[in-house]
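Peer 1: Dropping in coords17.cif, with mmCIF, C-alpha atoms.
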```cif
data_work
loop_
_atom_site.label_atom_id
_atom_site.label_comp_id
_atom_site.auth_asym_id
_atom_site.auth_seq_id
_atom_site.Cartn_x
_atom_site.Cartn_y
_atom_site.Cartn_z
CA MET Y 1 6.39 -0.04 -79.75
CA LYS Y 2 8.42 2.57 -77.87
CA GLN Y 3 5.40 3.24 -75.63
CA PHE Y 4 5.12 -0.48 -74.86
CA LYS Y 5 8.84 -0.68 -73.93
CA LEU Y 6 8.48 2.44 -71.72
CA PHE Y 7 5.46 0.91 -69.97
CA ALA Y 8 7.34 -2.35 -69.34
CA CYS Y 9 10.29 -0.50 -67.84
CA MET Y 10 8.00 1.49 -65.53
CA LEU Y 11 6.22 -1.72 -64.44
CA ALA Y 12 9.52 -3.44 -63.67
CA ALA Y 13 10.71 -0.44 -61.62
CA SER Y 14 7.47 -0.42 -59.65
CA LEU Y 15 7.70 -4.14 -58.85
CA CYS Y 16 11.30 -3.68 -57.73
CA ALA Y 17 10.31 -0.81 -55.44
CA LEU Y 18 7.46 -2.85 -53.94
CA SER Y 19 9.81 -5.76 -53.33
CA PHE Y 20 12.34 -3.44 -51.65
CA ASN Y 21 9.71 -1.87 -49.41
CA ALA Y 22 8.36 -5.26 -48.43
CA CYS Y 23 11.84 -6.38 -47.34
CA ASP Y 24 12.21 -3.22 -45.30
CA LYS Y 25 8.89 -3.84 -43.59
CA ASP Y 26 9.76 -7.42 -42.72
CA ASP Y 27 13.23 -6.60 -41.40
CA PRO Y 28 13.02 -7.24 -37.63
CA THR Y 29 15.76 -4.73 -36.84
CA PRO Y 30 15.27 -1.66 -39.03
CA ASN Y 31 17.75 1.16 -38.74
CA PRO Y 32 16.37 4.20 -36.92
CA THR Y 33 15.50 7.16 -39.09
CA PRO Y 34 16.74 10.63 -38.13
CA ASP Y 35 13.34 11.64 -36.74
CA GLN Y 36 13.12 8.42 -34.64
CA PRO Y 37 16.32 8.29 -32.56
CA ASP Y 38 17.26 5.37 -30.33
CA LYS Y 39 15.54 5.55 -26.91
CA PRO Y 40 18.04 5.74 -24.05
CA GLU Y 41 18.28 2.59 -21.95
CA THR Y 42 17.65 4.46 -18.68
CA GLU Y 43 16.00 7.78 -18.10
CA ALA Y 44 17.84 10.48 -16.20
CA ARG Y 45 17.03 10.64 -12.49
CA THR Y 46 14.68 13.40 -11.39
CA THR Y 47 15.54 12.98 -7.71
CA HIS Y 48 18.61 13.04 -5.51
CA PHE Y 49 19.60 12.21 -1.95
CA ASP Y 50 20.65 14.60 0.79
CA ILE Y 51 22.95 13.04 3.40
CA TRP Y 52 22.92 14.68 6.84
CA VAL Y 53 25.85 14.21 9.21
CA SER Y 54 26.93 15.93 12.39
CA VAL Y 55 30.34 16.74 13.80
CA GLY Y 56 31.10 16.51 17.50
CA GLY Y 57 28.20 14.23 18.43
CA ALA Y 58 24.71 13.21 17.36
CA GLY Y 59 22.55 15.82 15.67
CA GLY Y 60 19.19 15.32 17.40
CA MET Y 61 17.49 16.16 20.69
CA GLY Y 62 18.54 19.80 20.62
CA SER Y 63 22.21 18.96 20.03
CA LYS Y 64 24.66 21.79 19.44
CA SER Y 65 26.75 19.72 17.03
CA THR Y 66 27.58 21.10 13.60
CA LEU Y 67 25.14 19.93 10.91
CA LEU Y 68 26.42 19.31 7.38
CA VAL Y 69 24.36 18.32 4.33
CA LYS Y 70 25.63 16.95 1.03
CA SER Y 71 23.61 16.10 -2.09
CA LEU Y 72 24.31 12.87 -4.00
CA ASP Y 73 22.80 11.56 -7.23
CA SER Y 74 23.34 7.96 -6.14
CA LEU Y 75 23.99 5.94 -2.98
CA THR Y 76 25.71 3.09 -4.80
CA VAL Y 77 29.42 2.28 -4.36
CA GLN Y 78 31.59 5.32 -5.08
CA PRO Y 79 34.65 7.05 -3.62
CA THR Y 80 34.22 7.49 0.13
CA VAL Y 81 32.03 10.51 0.79
CA ASP Y 82 33.88 13.17 2.76
CA PHE Y 83 32.42 16.42 4.07
CA ARG Y 84 35.73 18.19 4.53
CA ASN Y 85 35.44 21.52 2.70
CA ASP Y 86 32.28 20.18 1.09
CA GLY Y 87 28.57 20.18 1.89
CA ALA Y 88 26.28 22.87 3.26
CA ASP Y 89 26.73 23.94 6.89
CA VAL Y 90 23.16 24.63 8.04
CA THR Y 91 23.82 24.73 11.80
CA ALA Y 92 23.02 28.40 12.32
CA THR Y 93 19.70 28.27 10.47
CA MET Y 94 18.11 24.82 10.27
CA HIS Y 95 17.35 21.86 12.46
CA GLN Y 96 17.61 18.34 11.04
CA GLU Y 97 14.03 17.87 12.30
CA SER Y 98 12.21 19.02 9.20
CA ILE Y 99 9.21 18.38 6.94
CA ILE Y 100 10.25 17.12 3.49
CA LYS Y 101 8.22 17.38 0.28
CA GLY Y 102 9.26 17.73 -3.34
CA LYS Y 103 12.33 19.94 -3.61
CA TYR Y 104 11.97 21.61 -0.24
CA TYR Y 105 12.45 21.52 3.51
CA TYR Y 106 9.77 23.13 5.71
CA GLN Y 107 10.27 23.89 9.39
CA VAL Y 108 10.23 26.27 12.32
CA PRO Y 109 13.94 27.18 12.14
CA VAL Y 110 16.55 27.94 14.79
CA SER Y 111 15.17 31.48 15.16
CA ALA Y 112 11.90 29.89 16.42
CA ASP Y 113 9.78 32.85 15.32
CA ARG Y 114 8.50 31.88 11.87
CA PHE Y 115 7.67 29.17 9.35
CA SER Y 116 10.37 28.73 6.71
CA LYS Y 117 10.81 26.96 3.39
CA TYR Y 118 14.34 26.02 2.31
CA GLN Y 119 16.21 24.40 -0.52
CA ILE Y 120 19.78 23.11 -0.60
CA VAL Y 121 21.38 23.45 -4.04
CA GLY Y 122 25.08 23.20 -4.83
CA ASN Y 123 26.07 23.17 -1.17
CA GLN Y 124 24.16 26.39 -0.63
CA LEU Y 125 21.15 26.85 1.65
CA LYS Y 126 18.48 28.97 -0.02
CA VAL Y 127 15.56 30.65 1.74
CA ILE Y 128 12.57 30.18 -0.56
CA ALA Y 129 9.82 31.71 1.60
CA GLU Y 130 9.18 32.73 5.20
CA GLN Y 131 6.14 33.57 7.29
CA PRO Y 132 6.44 35.11 10.78
CA PHE Y 133 4.05 33.77 13.40
CA VAL Y 134 0.80 35.68 13.61
CA LYS Y 135 -1.71 34.20 16.07
CA ASN Y 136 -0.32 30.80 17.02
CA THR Y 137 3.31 30.36 18.01
CA PHE Y 138 5.19 27.07 17.78
CA LYS Y 139 8.35 25.78 19.40
CA ASP Y 140 11.13 24.73 17.09
CA ARG Y 141 11.34 20.92 16.59
CA ARG Y 142 8.22 20.27 18.75
CA TYR Y 143 5.17 20.08 16.48
CA THR Y 144 3.54 17.61 14.17
CA HIS Y 145 2.18 18.02 10.66
CA ALA Y 146 -0.03 16.60 7.91
CA TRP Y 147 -0.31 17.36 4.20
CA ILE Y 148 -3.97 17.99 3.34
CA ASP Y 149 -3.02 18.25 -0.33
CA ASP Y 150 0.15 19.04 -2.24
CA ASN Y 151 -0.06 22.71 -1.32
CA THR Y 152 -1.77 22.77 2.09
CA LEU Y 153 0.44 22.06 5.08
CA LEU Y 154 -1.14 21.62 8.52
CA ILE Y 155 1.00 22.26 11.64
CA MET Y 156 -0.23 21.16 15.10
CA ALA Y 157 1.18 21.24 18.64
CA ALA Y 158 0.42 22.04 22.25
CA ASN Y 159 0.48 25.75 23.03
CA GLY Y 160 3.01 27.36 25.34
CA THR Y 161 1.26 26.40 28.56
CA GLY Y 162 0.24 22.98 27.26
CA ASP Y 163 -3.44 23.38 28.05
CA LYS Y 164 -4.61 23.57 24.41
CA VAL Y 165 -3.76 22.09 21.01
CA ILE Y 166 -3.26 24.77 18.36
CA TRP Y 167 -3.15 24.43 14.56
CA THR Y 168 -2.12 26.51 11.57
CA LYS Y 169 -2.72 25.83 7.87
CA LEU Y 170 -0.08 27.12 5.47
CA ASN Y 171 0.06 27.68 1.72
CA ALA Y 172 3.21 25.69 0.96
CA SER Y 173 4.03 27.82 -2.11
CA ASP Y 174 4.67 31.06 -0.27
CA MET Y 175 4.19 29.97 3.39
CA SER Y 176 1.30 32.37 3.85
CA ILE Y 177 -1.17 31.47 6.60
CA LEU Y 178 -4.51 30.14 5.33
CA ALA Y 179 -6.20 29.66 8.71
CA GLU Y 180 -5.40 29.28 12.40
CA GLY Y 181 -7.21 27.99 15.43
CA GLU Y 182 -7.27 25.54 18.33
CA LEU Y 183 -8.91 22.18 18.86
CA PRO Y 184 -11.65 21.77 21.49
CA LEU Y 185 -9.82 18.87 23.15
CA VAL Y 186 -10.06 18.70 26.92
CA CYS Y 187 -7.03 18.40 29.17
CA PRO Y 188 -7.55 17.38 32.83
CA GLU Y 189 -6.97 20.14 35.37
CA GLY Y 190 -3.38 20.20 36.50
CA ASP Y 191 -2.18 18.21 33.49
CA SER Y 192 -0.95 19.26 30.04
CA PHE Y 193 -0.84 17.97 26.47
CA SER Y 194 2.31 16.35 25.09
CA THR Y 195 4.28 18.87 23.07
CA SER Y 196 3.25 17.67 19.62
CA GLY Y 197 1.56 14.29 19.21
CA LEU Y 198 1.32 12.73 15.75
CA ALA Y 199 -0.96 13.57 12.81
CA ARG Y 200 -1.77 12.03 9.45
CA TYR Y 201 -4.33 12.97 6.75
CA ARG Y 202 -6.65 10.21 5.48
CA LYS Y 203 -7.67 11.17 1.97
CA SER Y 204 -10.57 8.74 1.48
CA ASP Y 205 -12.77 10.45 4.06
CA ASN Y 206 -11.00 13.85 4.34
CA ARG Y 207 -10.08 13.37 7.99
CA VAL Y 208 -6.99 14.27 9.98
CA ILE Y 209 -6.19 11.56 12.53
CA TYR Y 210 -4.43 13.12 15.51
CA PHE Y 211 -2.78 11.08 18.26
CA TYR Y 212 -2.11 12.84 21.55
CA GLN Y 213 -1.62 12.24 25.25
CA HIS Y 214 -1.60 13.98 28.59
CA LYS Y 215 1.75 14.09 30.32
CA LYS Y 216 0.61 12.75 33.70
CA GLU Y 217 -1.46 9.89 32.29
CA LYS Y 218 1.08 7.09 31.93
CA SER Y 219 -1.13 4.17 30.92
CA HIS Y 220 -2.81 5.26 27.69
CA PHE Y 221 -3.10 7.81 24.89
CA TYR Y 222 -5.84 9.15 22.61
CA ALA Y 223 -6.89 9.47 18.98
CA ALA Y 224 -9.01 12.30 17.55
CA PHE Y 225 -10.70 12.39 14.13
CA ILE Y 226 -10.91 15.85 12.60
CA ASN Y 227 -12.70 17.25 9.54
CA ALA Y 228 -9.84 18.56 7.40
CA ASP Y 229 -11.91 21.37 5.85
CA ASP Y 230 -12.97 23.26 8.97
CA MET Y 231 -10.86 21.43 11.62
CA SER Y 232 -13.94 20.50 13.62
CA VAL Y 233 -13.39 17.50 15.90
CA GLU Y 234 -15.82 14.72 14.98
CA VAL Y 235 -14.52 12.28 17.62
CA GLY Y 236 -11.96 13.54 20.09
CA ASP Y 237 -11.22 11.04 22.84
CA ILE Y 238 -10.72 7.51 21.54
CA VAL Y 239 -8.66 5.79 24.26
CA GLU Y 240 -5.91 3.24 23.52
CA GLU Y 241 -4.62 1.25 26.52
CA ARG Y 242 -2.56 -1.48 24.83
CA ALA Y 243 0.40 0.91 24.76
CA GLU Y 244 1.36 3.77 27.02
CA GLN Y 245 2.37 6.17 24.29
CA MET Y 246 2.97 6.65 20.61
CA ALA Y 247 6.59 6.51 19.54
CA GLY Y 248 7.85 10.05 19.01
CA THR Y 249 5.09 11.89 20.84
CA ALA Y 250 7.28 14.93 21.59
CA TYR Y 251 8.72 15.59 18.13
CA GLY Y 252 6.04 14.56 15.67
CA GLU Y 253 7.45 13.07 12.47
CA LEU Y 254 9.94 15.84 11.78
CA LEU Y 255 12.81 13.38 11.70
CA GLN Y 256 11.60 9.81 12.13
CA ASP Y 257 8.91 7.66 10.52
CA LYS Y 258 6.46 6.66 13.25
CA MET Y 259 3.44 5.58 11.19
CA PHE Y 260 2.38 4.66 7.67
CA PHE Y 261 -0.58 3.81 5.46
CA ASP Y 262 -0.54 0.45 3.72
CA GLU Y 263 -1.83 -0.19 0.20
CA ASN Y 264 -5.42 -0.37 1.54
CA GLU Y 265 -5.17 2.89 3.53
CA ASN Y 266 -5.01 1.12 6.87
CA LEU Y 267 -2.96 3.28 9.23
CA TYR Y 268 -0.23 1.62 11.32
CA LEU Y 269 1.18 3.43 14.35
CA ALA Y 270 4.42 2.61 16.19
CA CYS Y 271 3.91 2.60 19.96
CA ASN Y 272 5.83 1.60 23.08
CA ILE Y 273 5.08 0.32 26.58
CA LYS Y 274 7.34 0.58 29.62
CA ILE Y 275 9.23 -2.56 30.55
CA PRO Y 276 7.80 -3.78 33.89
CA GLY Y 277 10.19 -2.98 36.72
CA ALA Y 278 12.54 -0.92 34.53
CA PRO Y 279 14.11 2.06 36.34
CA SER Y 280 13.57 4.44 33.39
CA SER Y 281 10.48 5.19 31.32
CA THR Y 282 12.67 5.18 28.19
CA GLN Y 283 13.20 1.42 28.59
CA GLN Y 284 10.29 0.13 26.54
CA TYR Y 285 8.89 -2.68 24.41
CA GLY Y 286 7.47 -1.86 21.00
CA ARG Y 287 3.97 -2.41 19.63
CA LEU Y 288 2.42 -1.69 16.23
CA LEU Y 289 -1.27 -0.76 16.31
CA ARG Y 290 -3.72 -0.21 13.47
CA ILE Y 291 -6.74 1.85 12.47
CA LYS Y 292 -8.51 0.38 9.46
CA LYS Y 293 -9.64 2.45 6.50
CA GLY Y 294 -12.80 4.44 7.20
CA GLU Y 295 -12.85 3.52 10.90
CA MET Y 296 -12.76 5.96 13.80
CA ALA Y 297 -11.41 3.54 16.39
CA PHE Y 298 -8.40 1.26 16.82
CA ASP Y 299 -8.55 -2.26 15.43
CA ASN Y 300 -8.51 -4.35 18.62
CA SER Y 301 -8.07 -7.55 16.60
CA TYR Y 302 -4.56 -6.52 15.54
CA THR Y 303 -1.38 -6.08 17.58
CA GLY Y 304 1.83 -6.00 15.56
CA TYR Y 305 5.40 -6.37 16.78
CA ASN Y 306 3.99 -8.39 19.66
CA TYR Y 307 7.39 -9.09 21.20
CA ASP Y 308 8.51 -8.37 24.74
CA GLN Y 309 11.92 -7.45 23.46
CA GLY Y 310 13.07 -4.30 21.74
CA LYS Y 311 11.72 -0.77 21.35
CA LEU Y 312 10.37 0.50 18.02
CA VAL Y 313 12.36 3.56 16.96
CA THR Y 314 11.08 3.92 13.39
CA ALA Y 315 8.52 2.12 11.21
CA SER Y 316 8.13 2.62 7.45
CA TYR Y 317 5.96 0.99 4.78
CA LEU Y 318 8.12 -1.33 2.67
CA THR Y 319 5.81 -3.27 0.34
CA PRO Y 320 2.33 -4.85 0.61
CA GLY Y 321 2.22 -6.83 3.86
CA LYS Y 322 5.63 -5.71 5.13
CA ALA Y 323 7.24 -2.87 7.09
CA LEU Y 324 10.84 -1.79 7.58
CA ILE Y 325 11.53 -1.26 11.29
CA TYR Y 326 14.47 0.07 13.32
CA ILE Y 327 14.69 -1.45 16.78
CA GLN Y 328 16.57 -0.44 19.93
CA ASP Y 329 17.49 -3.55 21.91
CA PRO Y 330 20.70 -3.46 23.98
CA THR Y 331 20.11 -7.02 25.21
CA TYR Y 332 19.92 -8.51 21.72
CA THR Y 333 22.81 -6.45 20.35
CA GLY Y 334 24.98 -7.12 23.39
CA ALA Y 335 25.43 -3.43 24.08
CA GLY Y 336 24.53 -3.86 27.75
CA GLU Y 337 22.84 -0.80 29.23
CA TRP Y 338 20.04 1.10 27.52
CA GLY Y 339 22.21 4.18 27.26
CA SER Y 340 24.98 2.30 25.48
CA ALA Y 341 25.85 2.89 21.86
CA TYR Y 342 25.45 0.40 18.98
CA ASN Y 343 22.24 -1.02 20.41
CA CYS Y 344 19.98 -0.78 17.33
CA TYR Y 345 19.30 -2.91 14.26
CA TYR Y 346 17.03 -3.09 11.20
CA ALA Y 347 14.49 -5.79 10.38
CA ILE Y 348 11.50 -6.49 8.16
CA LEU Y 349 8.18 -7.13 9.90
CA ASP Y 350 5.50 -9.23 8.22
CA LEU Y 351 2.25 -7.38 8.95
CA ASN Y 352 0.20 -10.56 8.56
CA THR Y 353 2.23 -13.13 10.50
CA ASP Y 354 4.19 -10.72 12.76
CA GLU Y 355 7.38 -12.52 11.77
CA LYS Y 356 10.50 -10.40 12.20
CA THR Y 357 13.45 -10.96 9.85
CA GLU Y 358 16.79 -9.18 9.94
CA ILE Y 359 18.16 -7.89 6.66
CA GLN Y 360 21.32 -9.60 5.45
CA CYS Y 361 24.11 -8.74 3.04
CA ASP Y 362 26.43 -11.49 1.79
CA GLY Y 363 24.89 -13.91 4.27
CA LYS Y 364 25.45 -11.72 7.33
CA ASN Y 365 23.06 -9.49 9.27
CA LEU Y 366 23.62 -5.77 8.82
CA PRO Y 367 25.91 -4.27 11.49
CA PHE Y 368 24.40 -3.07 14.75
CA SER Y 369 24.16 0.69 14.77
CA SER Y 370 24.22 3.68 17.08
CA GLY Y 371 21.70 6.51 16.92
CA THR Y 372 18.16 6.42 18.27
CA PHE Y 373 17.35 9.93 17.08
CA SER Y 374 17.98 9.47 13.38
CA GLN Y 375 16.29 8.44 10.14
CA ARG Y 376 18.89 6.78 7.96
CA SER Y 377 16.43 4.65 6.00
CA LEU Y 378 13.95 5.41 3.24
CA VAL Y 379 11.95 3.47 0.68
CA ASP Y 380 11.88 4.57 -2.96
CA GLY Y 381 9.93 2.28 -5.28
CA ASP Y 382 11.52 -1.16 -5.35
CA MET Y 383 14.54 -0.07 -3.34
CA ALA Y 384 15.11 0.59 0.34
CA TYR Y 385 18.19 2.55 1.40
CA ILE Y 386 19.40 1.67 4.88
CA GLY Y 387 22.19 3.59 6.60
CA VAL Y 388 24.18 2.40 9.59
CA ASN Y 389 26.64 3.83 12.10
CA PRO Y 390 28.67 0.69 12.91
CA GLN Y 391 31.14 0.37 15.76
CA SER Y 392 34.13 -1.01 13.90
CA SER Y 393 33.78 0.37 10.38
CA ALA Y 394 32.82 3.52 8.50
CA PRO Y 395 29.19 4.70 8.31
CA CYS Y 396 27.63 3.36 5.14
CA VAL Y 397 24.43 2.64 3.21
CA TYR Y 398 23.02 -0.75 2.26
CA ILE Y 399 20.69 -0.95 -0.75
CA TYR Y 400 17.90 -3.48 -0.38
CA ASP Y 401 16.24 -4.75 -3.56
CA ILE Y 402 12.70 -5.37 -2.33
CA PRO Y 403 11.42 -7.77 -5.05
CA ALA Y 404 14.65 -9.80 -4.96
CA GLY Y 405 14.90 -9.70 -1.17
CA GLN Y 406 18.63 -9.02 -1.37
CA ALA Y 407 20.89 -6.28 -0.04
CA SER Y 408 24.17 -4.94 -1.39
CA LYS Y 409 26.59 -2.50 0.15
CA GLY Y 410 26.53 1.04 -1.20
CA MET Y 411 28.47 4.19 -0.48
CA GLU Y 412 30.60 4.83 2.62
CA ILE Y 413 31.14 8.01 4.62
CA THR Y 414 34.54 8.98 5.99
CA GLU Y 415 34.86 7.97 9.64
CA GLY Y 416 34.57 10.78 12.17
CA TYR Y 417 31.10 11.98 11.16
CA VAL Y 418 27.83 10.88 12.77
CA PHE Y 419 25.46 9.70 10.03
CA ASN Y 420 21.99 11.03 10.96
CA ARG Y 421 19.65 11.16 8.01
CA ILE Y 422 18.93 10.26 4.36
CA VAL Y 423 16.45 12.49 2.52
CA LEU Y 424 14.99 11.96 -0.97
CA LEU Y 425 14.26 15.20 -2.85
CA ASP Y 426 13.23 16.27 -6.34
CA ASN Y 427 15.95 17.80 -8.47
CA ASP Y 428 15.91 21.55 -8.90
CA ASP Y 429 15.11 21.29 -12.62
CA LYS Y 430 12.21 18.83 -12.19
CA GLU Y 431 8.97 20.28 -13.53
#
```
What do you get writing this file as structure tokens?
Peer 2:
Amino acid sequence: MKQFKLFACMLAASLCALSFNACDKDDPTPNPTPDQPDKPETEARTTHFDIWVSVGGAGGMGSKSTLLVKSLDSLTVQPTVDFRNDGADVTATMHQESIIKGKYYYQVPVSADRFSKYQIVGNQLKVIAEQPFVKNTFKDRRYTHAWIDDNTLLIMAANGTGDKVIWTKLNASDMSILAEGELPLVCPEGDSFSTSGLARYRKSDNRVIYFYQHKKEKSHFYAAFINADDMSVEVGDIVEERAEQMAGTAYGELLQDKMFFDENENLYLACNIKIPGAPSSTQQYGRLLRIKKGEMAFDNSYTGYNYDQGKLVTASYLTPGKALIYIQDPTYTGAGEWGSAYNCYYAILDLNTDEKTEIQCDGKNLPFSSGTFSQRSLVDGDMAYIGVNPQSSAPCVYIYDIPAGQASKGMEITEGYVFNRIVLLDNDDKE
């Protein structure tokens, strides 16, 4: 009898436990157990922004102005950013024209005798690695580049006399030289190559596409297609006559975005043509040209930014079918002469319809801006960050939500500084 009562008690306890467990299982909001903590709503950022300003004038074109750099975790609204007694003064060592990748800046520095790799951490400029020139020598600020892979950096430019195009491959980890040489491109007698040209690596067919021109030829420029492994020129003299020159032919893409791949690996190139009858060759209309994936010639069926108004200063990939462009147009902005300030503005260009649309915030177009030798915009995922140097207010950043198609005002910089560049870098502790 006692055994029967004991068995009944055990059975009742078991049924109770099963009922309790079943309720737990069906509870739609169980409490987390110690070994399963709540997941944070947002993950910590692994990147930050470096803001470049200059004091005493603009920072480009060989300017002697003081260059200051400050790192920010966010470009959203915050107390006005001031560089007084804050930020890294890099004037004596670095140019703002620099190659950016990961955590680091790569460039031929002010000393103009080496390749250098830098990092800015806690308002301090750190030298990570340096490599003195060996065979080929490059001018500071006047060269172009292409990343063959994450660790192989290709540098290209005209040599000192301008009669040849030289190249050097670097190991980006320690800046050691992997290989050096020159391209068998032909320059007409009595002429010379532009100082740098533009280069971009096309991964799908392992080719470097190099755009170049001769200084005395004012009506066209060239494209060369190069095997990235041995730097042999497969096709070297593709002529493009719809534009007189690529945008940024002298300084590569060390500061400004001049070309981009779209989602299908079609390459778009910002170009300019001289305005007929204009007294200066710097007075130009913009054009956007294209080389389709796998092709070794320009796509003659496509001409983007087909407007006889405004010069393309920068062009960046925004989202499928669209580009973010920065345009110099003193007529449209009401600045008057081409050398006047506040003669630039930002717009979105539809790559399919060629429709140009200015970006607005609170129903108004973004302010017209000064600075044709700057890169104050960048695209990071679904956000575009767009900096301006307005005439009647402080320099600031607008944050454009790409899917929503809406912009909001972000951080401001204390007046008195010239806002030159926004850079996106990996944090120092990112693996």
Peer 1: May I have the residues within 8 Å of Leu72 of chain Y as a list of chain:residue names, using only C-alpha atoms and disregarding those fewer than 3 positions away in the same chain?
Peer 2: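 With the cut-off at 8 Å, the set is Y:His48, Y:Phe49, Y:Asp50, Y:Ile51, Y:Leu75.
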Peer 1: List as number ranges by chain the protein and nucleic acid residues near Ser408 of chain Y, meaning an atom at most 9 Å away when all atoms listed in the file are counted, but skip any in the same chain fewer than 3 places from it.
Peer 2: Y: 76, 360-362, 397-401
Peer 1: Which residues match the PyMOL selection byres ((chain Y and resi 231) around 12) in the file above, as a VMD selection string?
Peer 2: chain Y and resid 148 154 to 156 165 to 169 179 to 185 201 206 to 210 224 to 230 232 to 236
Peer 1: Pull the neighbourhood of (20.8, 5.2, 30.5) for me: all residues within 12 Å in file coordinates, counting all atoms listed in the file, as a list of chain:residue names.
Peer 2: Y:Ala278, Y:Pro279, Y:Ser280, Y:Ser281, Y:Thr282, Y:Gln283, Y:Pro330, Y:Ala335, Y:Gly336, Y:Glu337, Y:Trp338, Y:Gly339, Y:Ser340, Y:Ala341, Y:Asn343
Peer 1: Between Y:Asn151, Y:Thr80, Y:Ser316, Y:Thr137, which residue has the minimum interatomic distance to Tyr385 of chain Y, considering all atoms listed in the file?
Peer 2: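 Under the stated criterion, the closest residue is Y:Ser316.
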Peer 1: Measuring between only C-alpha atoms, which one of Y:Gly56, Y:Gly294, Y:Gly381, Y:Gly416 shows the shortest distance to Pro395 of chain Y?
Peer 2: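 Among the listed residues, the smallest separation from Pro395 of chain Y belongs to Y:Gly416.
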Peer 1: Ranking Y:Ile238, Y:Leu68, Y:Leu178, Y:Val81 by minimum distance to Thr414 of chain Y and counting all atoms listed in the file, which one comes first?
Peer 2: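 Looking at the shortest contact to Thr414 of chain Y, the residue is Y:Val81.
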Peer 1: Applying 7 Å and all atoms listed in the file, which residues near segment 364-370 of chain Y remain after dropping the ones on its own chain fewer than 4 positions away? List them as a list in words.
Peer 2: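 With the cut-off at 7 Å, the set is Thr333, Ala341, Tyr342, Asn343, Cys344, Tyr345, Glu358, Ile359, Gln360, Val388, Asn389 and Pro390 of chain Y.
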Peer 1: Taking the file as shown, what set of residues would the PyMOL selection byres ((chain Y and resi 161) around 10) give back, as a PyMOL selection string?
Peer 2: chain Y and resi 158-160+162-164+192-193+195
Peer 1: Under the PyMOL selection byres ((chain Y and resi 402) around 7), which residues of this model are included? Write them out as a PyMOL selection string.
Peer 2: chain Y and resi 382-384+400-401+403-405
Peer 1: Could you pull the residues within 9 Å of Asn352 of chain Y, counting all atoms listed in the file, minus those fewer than 5 positions along the same chain, as a PyMOL selection string?
Peer 2: chain Y and resi 304+321-322
Peer 1: Could you please determine the separation between atom CA of Asp262 of chain Y and atom CA of Leu318 of chain Y in Å, to one decimal place?
Peer 2: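 Computing it gives 8.9 Å between the two atoms.
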